[in-house]
Amino acid sequence: MRIDVLTLFPEMFQSPLSCSILKRAQDSGLVEITLTNIRDFAANNYRKVDDKPYGGGPGMVMMPGPFFDCFEHVQKLSPQKGRVILLTPQGQKFDQAKAVELSAENRLILIAGRYEGFDERIRIGLGAEQISIGDYVMNGGELAAMVIVDAVARLLPGVLGDEDSAKNDSFGESAGGGLEYPQYTRPEVFRGMKVPDILLSGDHGKIAEWRHQQALERTQKWRPDLLTEDNKPK
Ligand code: 9D3
């Protein structure tokens with residue numbers, strides 16, 4: 001998969017992209033991620049990319065000119081059309097189903113904004129879908145773009161060491177779309193807390209049953225919302 005990110009702060013992506021799984025995925029050619037700085041397409045001498053809103057009001061608005069020049073440049077970096085996604089607080093909320101859907105694409109073009117928002121003609125001109133990562137206010141779309149890159153990349157075949165790891169995740173099959181069962185490793189007793197006997201019993205049938213029960217109880221207790229009909233995975 002190819003992922004292009006348009007941003008005013010490419011530096012924000014450097015560290016997460018150069019660690020662990022995302023680094024390995026890029027090194028092995030499973031995902032190619034290109035960062036393009038929108039400011040490089042500012043036409044004026046001061047490299048200005050934002051301006052005051054027509055009609056007044058607080059904050060600044062991202063100008064359409066530099067943005068479209070940047071977008072057209074990025075599109076030409078590869079012949080694939082790509083699925084274009086604008087990160088905005090008013091977008092559709094990102095979830096695991098959306099991550100799975102996006103992981104089937106051959107190219108994503110993610111656009112992170114700053115300021116109070118984009119000039120409306122950016123939204124209209126792109127005809128892009130909008131995605132939010134949740135109902136809280138961040139300083140820009142960069143971390144949201146990073147969240148999408150991370151969640152999508154780990155679903156690509158070969159990115160995780162074990163082919164099945166992604167499928168076994170929470171929101172996978174552990175509790176039918178619920179939370180994961182509790183895990184233990186050595187030592188058997190830590191600060192007076194013992195590993196449940198059943199996990200040491202060697203009875204794999206009983207262990208599977210216990211884990212399923214635990215997963216269900218934890219989901220009921222901590223995330224009952226995951227058990228309602230409209231949250232069940234399709
Ligand atoms: C006063 C209206 N604000 C909208 C809630 C203006 C505004 C605040 C913060 C506009 C943009 C931003 C920056 N946030 C994002 O660009 C963003 C975001 C977010 O803040 N939360 C969750 N997901 C996302 S995706 C992009």
# chains A, B, ... in the order shown; residues from 1 in each chain; ligands from 1
call {"tool": "residues_around", "arguments": {"residues": "Val49 of chain A", "least_positions_apart": "3", "cutoff": "7 Å", "atoms": "only C-alpha atoms", "output": "list in words"}}
result
Arg39, Ala42, Met62, Met63 and Pro66 of chain A
call {"tool": "residues_near_ligand", "arguments": {"ligand": "ligand 1", "cutoff": "8 Å", "atoms": "only C-alpha atoms and all ligand atoms", "output": "list in words"}}
result
Leu86, Leu87, Thr88, Pro89, Gln90, Gly91, Lys93, Ala112, Gly113, Arg114, Tyr115, Glu116, Gly117, Ile131, Ser132, Ile133, Gly134, Asp135, Tyr136, Val137, Met138, Asn139, Gly140, Gly141, Glu142, Leu143, Ala144 and Ala145 of chain A
call {"tool": "write_last_selection", "arguments": {"atoms": "N, CA and C atoms", "output": "PDB file, in the first residue's frame"}}
result
ATOM      1  N   LEU A  86      -9.848  13.515   4.251  1.00  0.00           N
ATOM      2  CA  LEU A  86      -9.590  14.757   4.958  1.00  0.00           C
ATOM      3  C   LEU A  86      -9.807  14.502   6.453  1.00  0.00           C
ATOM      4  N   LEU A  87      -8.792  14.795   7.272  1.00  0.00           N
ATOM      5  CA  LEU A  87      -8.960  14.634   8.716  1.00  0.00           C
ATOM      6  C   LEU A  87      -9.599  15.896   9.274  1.00  0.00           C
ATOM      7  N   THR A  88     -10.820  15.778   9.766  1.00  0.00           N
ATOM      8  CA  THR A  88     -11.523  16.939  10.328  1.00  0.00           C
ATOM      9  C   THR A  88     -12.353  16.502  11.525  1.00  0.00           C
ATOM     10  N   PRO A  89     -12.565  17.430  12.498  1.00  0.00           N
ATOM     11  CA  PRO A  89     -13.370  17.078  13.668  1.00  0.00           C
ATOM     12  C   PRO A  89     -14.810  16.713  13.293  1.00  0.00           C
ATOM     13  N   GLN A  90     -15.297  17.179  12.136  1.00  0.00           N
ATOM     14  CA  GLN A  90     -16.698  16.881  11.779  1.00  0.00           C
ATOM     15  C   GLN A  90     -16.852  15.636  10.925  1.00  0.00           C
ATOM     16  N   GLY A  91     -15.748  14.883  10.773  1.00  0.00           N
ATOM     17  CA  GLY A  91     -15.799  13.673   9.946  1.00  0.00           C
ATOM     18  C   GLY A  91     -16.508  12.505  10.605  1.00  0.00           C
ATOM     19  N   LYS A  93     -16.667   9.021  12.417  1.00  0.00           N
ATOM     20  CA  LYS A  93     -15.743   8.542  13.434  1.00  0.00           C
ATOM     21  C   LYS A  93     -15.007   7.268  12.993  1.00  0.00           C
ATOM     22  N   ALA A 112      -3.960  16.343   6.552  1.00  0.00           N
ATOM     23  CA  ALA A 112      -4.068  16.851   7.919  1.00  0.00           C
ATOM     24  C   ALA A 112      -4.121  18.371   7.881  1.00  0.00           C
ATOM     25  N   GLY A 113      -5.108  18.940   8.547  1.00  0.00           N
ATOM     26  CA  GLY A 113      -5.239  20.398   8.572  1.00  0.00           C
ATOM     27  C   GLY A 113      -4.777  20.989   9.879  1.00  0.00           C
ATOM     28  N   ARG A 114      -4.589  22.285   9.834  1.00  0.00           N
ATOM     29  CA  ARG A 114      -4.309  23.074  11.032  1.00  0.00           C
ATOM     30  C   ARG A 114      -5.317  24.215  11.036  1.00  0.00           C
ATOM     31  N   TYR A 115      -5.191  25.134  11.939  1.00  0.00           N
ATOM     32  CA  TYR A 115      -6.062  26.318  12.001  1.00  0.00           C
ATOM     33  C   TYR A 115      -7.499  25.913  12.297  1.00  0.00           C
ATOM     34  N   GLU A 116      -8.387  26.861  12.226  1.00  0.00           N
ATOM     35  CA  GLU A 116      -9.788  26.587  12.558  1.00  0.00           C
ATOM     36  C   GLU A 116     -10.437  25.691  11.515  1.00  0.00           C
ATOM     37  N   GLY A 117      -9.799  25.571  10.369  1.00  0.00           N
ATOM     38  CA  GLY A 117     -10.386  24.673   9.381  1.00  0.00           C
ATOM     39  C   GLY A 117      -9.878  24.926   7.980  1.00  0.00           C
ATOM     40  N   ILE A 131     -12.795  12.157   7.979  1.00  0.00           N
ATOM     41  CA  ILE A 131     -12.718  11.247   9.112  1.00  0.00           C
ATOM     42  C   ILE A 131     -12.229  11.997  10.349  1.00  0.00           C
ATOM     43  N   SER A 132     -12.878  11.710  11.475  1.00  0.00           N
ATOM     44  CA  SER A 132     -12.471  12.198  12.800  1.00  0.00           C
ATOM     45  C   SER A 132     -12.037  10.963  13.587  1.00  0.00           C
ATOM     46  N   ILE A 133     -11.151  11.118  14.572  1.00  0.00           N
ATOM     47  CA  ILE A 133     -10.798   9.930  15.364  1.00  0.00           C
ATOM     48  C   ILE A 133     -11.542   9.896  16.695  1.00  0.00           C
ATOM     49  N   GLY A 134     -12.355  10.899  16.998  1.00  0.00           N
ATOM     50  CA  GLY A 134     -13.130  10.856  18.235  1.00  0.00           C
ATOM     51  C   GLY A 134     -13.586  12.245  18.634  1.00  0.00           C
ATOM     52  N   ASP A 135     -14.466  12.271  19.627  1.00  0.00           N
ATOM     53  CA  ASP A 135     -15.067  13.544  20.017  1.00  0.00           C
ATOM     54  C   ASP A 135     -14.262  14.259  21.089  1.00  0.00           C
ATOM     55  N   TYR A 136     -13.112  14.796  20.682  1.00  0.00           N
ATOM     56  CA  TYR A 136     -12.288  15.637  21.531  1.00  0.00           C
ATOM     57  C   TYR A 136     -11.542  16.560  20.586  1.00  0.00           C
ATOM     58  N   VAL A 137     -11.079  17.688  21.094  1.00  0.00           N
ATOM     59  CA  VAL A 137     -10.478  18.686  20.216  1.00  0.00           C
ATOM     60  C   VAL A 137      -8.953  18.610  20.283  1.00  0.00           C
ATOM     61  N   MET A 138      -8.337  18.377  19.147  1.00  0.00           N
ATOM     62  CA  MET A 138      -6.873  18.355  19.059  1.00  0.00           C
ATOM     63  C   MET A 138      -6.409  19.630  18.363  1.00  0.00           C
ATOM     64  N   ASN A 139      -5.117  19.780  18.249  1.00  0.00           N
ATOM     65  CA  ASN A 139      -4.579  20.998  17.642  1.00  0.00           C
ATOM     66  C   ASN A 139      -4.502  20.925  16.129  1.00  0.00           C
ATOM     67  N   GLY A 140      -4.706  19.755  15.586  1.00  0.00           N
ATOM     68  CA  GLY A 140      -4.636  19.598  14.137  1.00  0.00           C
ATOM     69  C   GLY A 140      -4.906  18.160  13.766  1.00  0.00           C
ATOM     70  N   GLY A 141      -4.851  17.874  12.480  1.00  0.00           N
ATOM     71  CA  GLY A 141      -5.182  16.535  12.006  1.00  0.00           C
ATOM     72  C   GLY A 141      -4.010  15.570  11.949  1.00  0.00           C
ATOM     73  N   GLU A 142      -2.807  16.028  12.326  1.00  0.00           N
ATOM     74  CA  GLU A 142      -1.610  15.187  12.162  1.00  0.00           C
ATOM     75  C   GLU A 142      -1.674  13.898  12.964  1.00  0.00           C
ATOM     76  N   LEU A 143      -2.009  14.022  14.262  1.00  0.00           N
ATOM     77  CA  LEU A 143      -2.044  12.806  15.084  1.00  0.00           C
ATOM     78  C   LEU A 143      -3.159  11.883  14.617  1.00  0.00           C
ATOM     79  N   ALA A 144      -4.240  12.458  14.132  1.00  0.00           N
ATOM     80  CA  ALA A 144      -5.334  11.637  13.596  1.00  0.00           C
ATOM     81  C   ALA A 144      -4.853  10.864  12.369  1.00  0.00           C
ATOM     82  N   ALA A 145      -4.104  11.521  11.493  1.00  0.00           N
ATOM     83  CA  ALA A 145      -3.560  10.847  10.304  1.00  0.00           C
ATOM     84  C   ALA A 145      -2.638   9.715  10.739  1.00  0.00           C
TER      85      ALA A 145
END
call {"tool": "closest_residue", "arguments": {"among": "A:Met1, A:Met12, A:Met146, A:Ala43", "to": "Phe68 of chain A", "atoms": "only C-alpha atoms"}}
result
A:Ala43
call {"tool": "residues_around", "arguments": {"residues": "segment 223-228 of chain A", "least_positions_apart": "5", "cutoff": "8 Å", "atoms": "only C-alpha atoms", "output": "number ranges by chain"}}
result
A: 177-179, 218
call {"tool": "write_last_selection", "arguments": {"atoms": "N, CA and C atoms", "output": "PDB file, in the first residue's frame"}}
result
ATOM      1  N   GLY A 177     -16.277  -9.455  19.486  1.00  0.00           N
ATOM      2  CA  GLY A 177     -16.281  -8.003  19.341  1.00  0.00           C
ATOM      3  C   GLY A 177     -16.111  -7.274  20.660  1.00  0.00           C
ATOM      4  N   GLY A 178     -15.795  -8.009  21.696  1.00  0.00           N
ATOM      5  CA  GLY A 178     -15.608  -7.393  23.006  1.00  0.00           C
ATOM      6  C   GLY A 178     -14.143  -7.284  23.388  1.00  0.00           C
ATOM      7  N   LEU A 179     -13.897  -7.206  24.687  1.00  0.00           N
ATOM      8  CA  LEU A 179     -12.526  -7.039  25.170  1.00  0.00           C
ATOM      9  C   LEU A 179     -11.803  -8.381  25.278  1.00  0.00           C
ATOM     10  N   ARG A 218     -15.512  -8.936  31.510  1.00  0.00           N
ATOM     11  CA  ARG A 218     -14.798  -7.654  31.439  1.00  0.00           C
ATOM     12  C   ARG A 218     -15.498  -6.694  30.490  1.00  0.00           C
TER      13      ARG A 218
END
call {"tool": "residues_around", "arguments": {"residues": "Gly158 of chain A", "least_positions_apart": "3", "cutoff": "12 Å", "atoms": "only C-alpha atoms", "output": "PyMOL selection string"}}
result
chain A and resi 1+21-22+24-26+28-31+153-155+161-166
call {"tool": "decode", "arguments": {"residues": "segment 132-162 of chain A", "atoms": "N, CA, C and O atoms", "output": "short mmCIF file (atom, residue, chain, number, x, y, z; two decimals), in the first residue's frame"}}
result
data_model
loop_
_atom_site.label_atom_id
_atom_site.label_comp_id
_atom_site.auth_asym_id
_atom_site.auth_seq_id
_atom_site.Cartn_x
_atom_site.Cartn_y
_atom_site.Cartn_z
N SER A 132 -12.88 11.71 11.47
CA SER A 132 -12.47 12.20 12.80
C SER A 132 -12.04 10.96 13.59
O SER A 132 -12.49 9.86 13.30
N ILE A 133 -11.15 11.12 14.57
CA ILE A 133 -10.80 9.93 15.36
C ILE A 133 -11.54 9.90 16.70
O ILE A 133 -11.39 8.95 17.46
N GLY A 134 -12.35 10.90 17.00
CA GLY A 134 -13.13 10.86 18.23
C GLY A 134 -13.59 12.24 18.63
O GLY A 134 -13.13 13.25 18.09
N ASP A 135 -14.47 12.27 19.63
CA ASP A 135 -15.07 13.54 20.02
C ASP A 135 -14.26 14.26 21.09
O ASP A 135 -14.64 14.29 22.27
N TYR A 136 -13.11 14.80 20.68
CA TYR A 136 -12.29 15.64 21.53
C TYR A 136 -11.54 16.56 20.59
O TYR A 136 -11.41 16.26 19.40
N VAL A 137 -11.08 17.69 21.09
CA VAL A 137 -10.48 18.69 20.22
C VAL A 137 -8.95 18.61 20.28
O VAL A 137 -8.36 18.76 21.35
N MET A 138 -8.34 18.38 19.15
CA MET A 138 -6.87 18.36 19.06
C MET A 138 -6.41 19.63 18.36
O MET A 138 -7.21 20.44 17.92
N ASN A 139 -5.12 19.78 18.25
CA ASN A 139 -4.58 21.00 17.64
C ASN A 139 -4.50 20.93 16.13
O ASN A 139 -4.21 21.93 15.48
N GLY A 140 -4.71 19.75 15.59
CA GLY A 140 -4.64 19.60 14.14
C GLY A 140 -4.91 18.16 13.77
O GLY A 140 -5.14 17.31 14.63
N GLY A 141 -4.85 17.87 12.48
CA GLY A 141 -5.18 16.54 12.01
C GLY A 141 -4.01 15.57 11.95
O GLY A 141 -4.18 14.41 11.59
N GLU A 142 -2.81 16.03 12.33
CA GLU A 142 -1.61 15.19 12.16
C GLU A 142 -1.67 13.90 12.96
O GLU A 142 -1.40 12.82 12.44
N LEU A 143 -2.01 14.02 14.26
CA LEU A 143 -2.04 12.81 15.08
C LEU A 143 -3.16 11.88 14.62
O LEU A 143 -3.01 10.66 14.66
N ALA A 144 -4.24 12.46 14.13
CA ALA A 144 -5.33 11.64 13.60
C ALA A 144 -4.85 10.86 12.37
O ALA A 144 -5.13 9.67 12.23
N ALA A 145 -4.10 11.52 11.49
CA ALA A 145 -3.56 10.85 10.30
C ALA A 145 -2.64 9.72 10.74
O ALA A 145 -2.66 8.61 10.19
N MET A 146 -1.84 9.98 11.77
CA MET A 146 -0.91 8.98 12.29
C MET A 146 -1.66 7.78 12.85
O MET A 146 -1.24 6.63 12.67
N VAL A 147 -2.74 8.04 13.54
CA VAL A 147 -3.57 6.95 14.10
C VAL A 147 -4.07 6.06 12.97
O VAL A 147 -4.03 4.82 13.05
N ILE A 148 -4.52 6.67 11.90
CA ILE A 148 -5.03 5.89 10.76
C ILE A 148 -3.91 5.08 10.11
O ILE A 148 -4.08 3.90 9.82
N VAL A 149 -2.76 5.71 9.91
CA VAL A 149 -1.63 4.99 9.32
C VAL A 149 -1.29 3.76 10.17
O VAL A 149 -1.12 2.65 9.66
N ASP A 150 -1.23 3.95 11.47
CA ASP A 150 -0.87 2.87 12.38
C ASP A 150 -1.89 1.73 12.35
O ASP A 150 -1.54 0.56 12.20
N ALA A 151 -3.17 2.09 12.48
CA ALA A 151 -4.23 1.07 12.54
C ALA A 151 -4.38 0.32 11.22
O ALA A 151 -4.67 -0.87 11.20
N VAL A 152 -4.18 1.03 10.10
CA VAL A 152 -4.33 0.41 8.78
C VAL A 152 -3.11 -0.44 8.44
O VAL A 152 -3.25 -1.58 7.98
N ALA A 153 -1.92 0.07 8.71
CA ALA A 153 -0.69 -0.63 8.31
C ALA A 153 -0.60 -2.01 8.96
O ALA A 153 -0.20 -2.99 8.33
N ARG A 154 -1.01 -2.11 10.23
CA ARG A 154 -0.88 -3.41 10.92
C ARG A 154 -1.84 -4.45 10.39
O ARG A 154 -1.72 -5.63 10.70
N LEU A 155 -2.81 -4.03 9.57
CA LEU A 155 -3.75 -4.98 8.98
C LEU A 155 -3.24 -5.52 7.64
O LEU A 155 -3.81 -6.47 7.10
N LEU A 156 -2.20 -4.91 7.09
CA LEU A 156 -1.69 -5.35 5.79
C LEU A 156 -0.98 -6.69 5.94
O LEU A 156 -0.23 -6.89 6.89
N PRO A 157 -1.23 -7.60 5.00
CA PRO A 157 -0.61 -8.93 5.09
C PRO A 157 0.90 -8.84 5.19
O PRO A 157 1.54 -8.10 4.42
N GLY A 158 1.48 -9.53 6.16
CA GLY A 158 2.92 -9.57 6.32
C GLY A 158 3.49 -8.54 7.28
O GLY A 158 4.64 -8.63 7.69
N VAL A 159 2.68 -7.54 7.66
CA VAL A 159 3.21 -6.47 8.53
C VAL A 159 3.44 -6.98 9.95
O VAL A 159 4.48 -6.70 10.56
N LEU A 160 2.50 -7.75 10.48
CA LEU A 160 2.72 -8.36 11.79
C LEU A 160 3.44 -9.68 11.57
O LEU A 160 3.19 -10.38 10.59
N GLY A 161 4.34 -10.03 12.46
CA GLY A 161 5.10 -11.27 12.31
C GLY A 161 4.20 -12.46 12.07
O GLY A 161 4.34 -13.19 11.10
N ASP A 162 3.23 -12.61 12.95
CA ASP A 162 2.31 -13.74 12.89
C ASP A 162 1.07 -13.31 12.10
O ASP A 162 0.38 -12.39 12.48
#
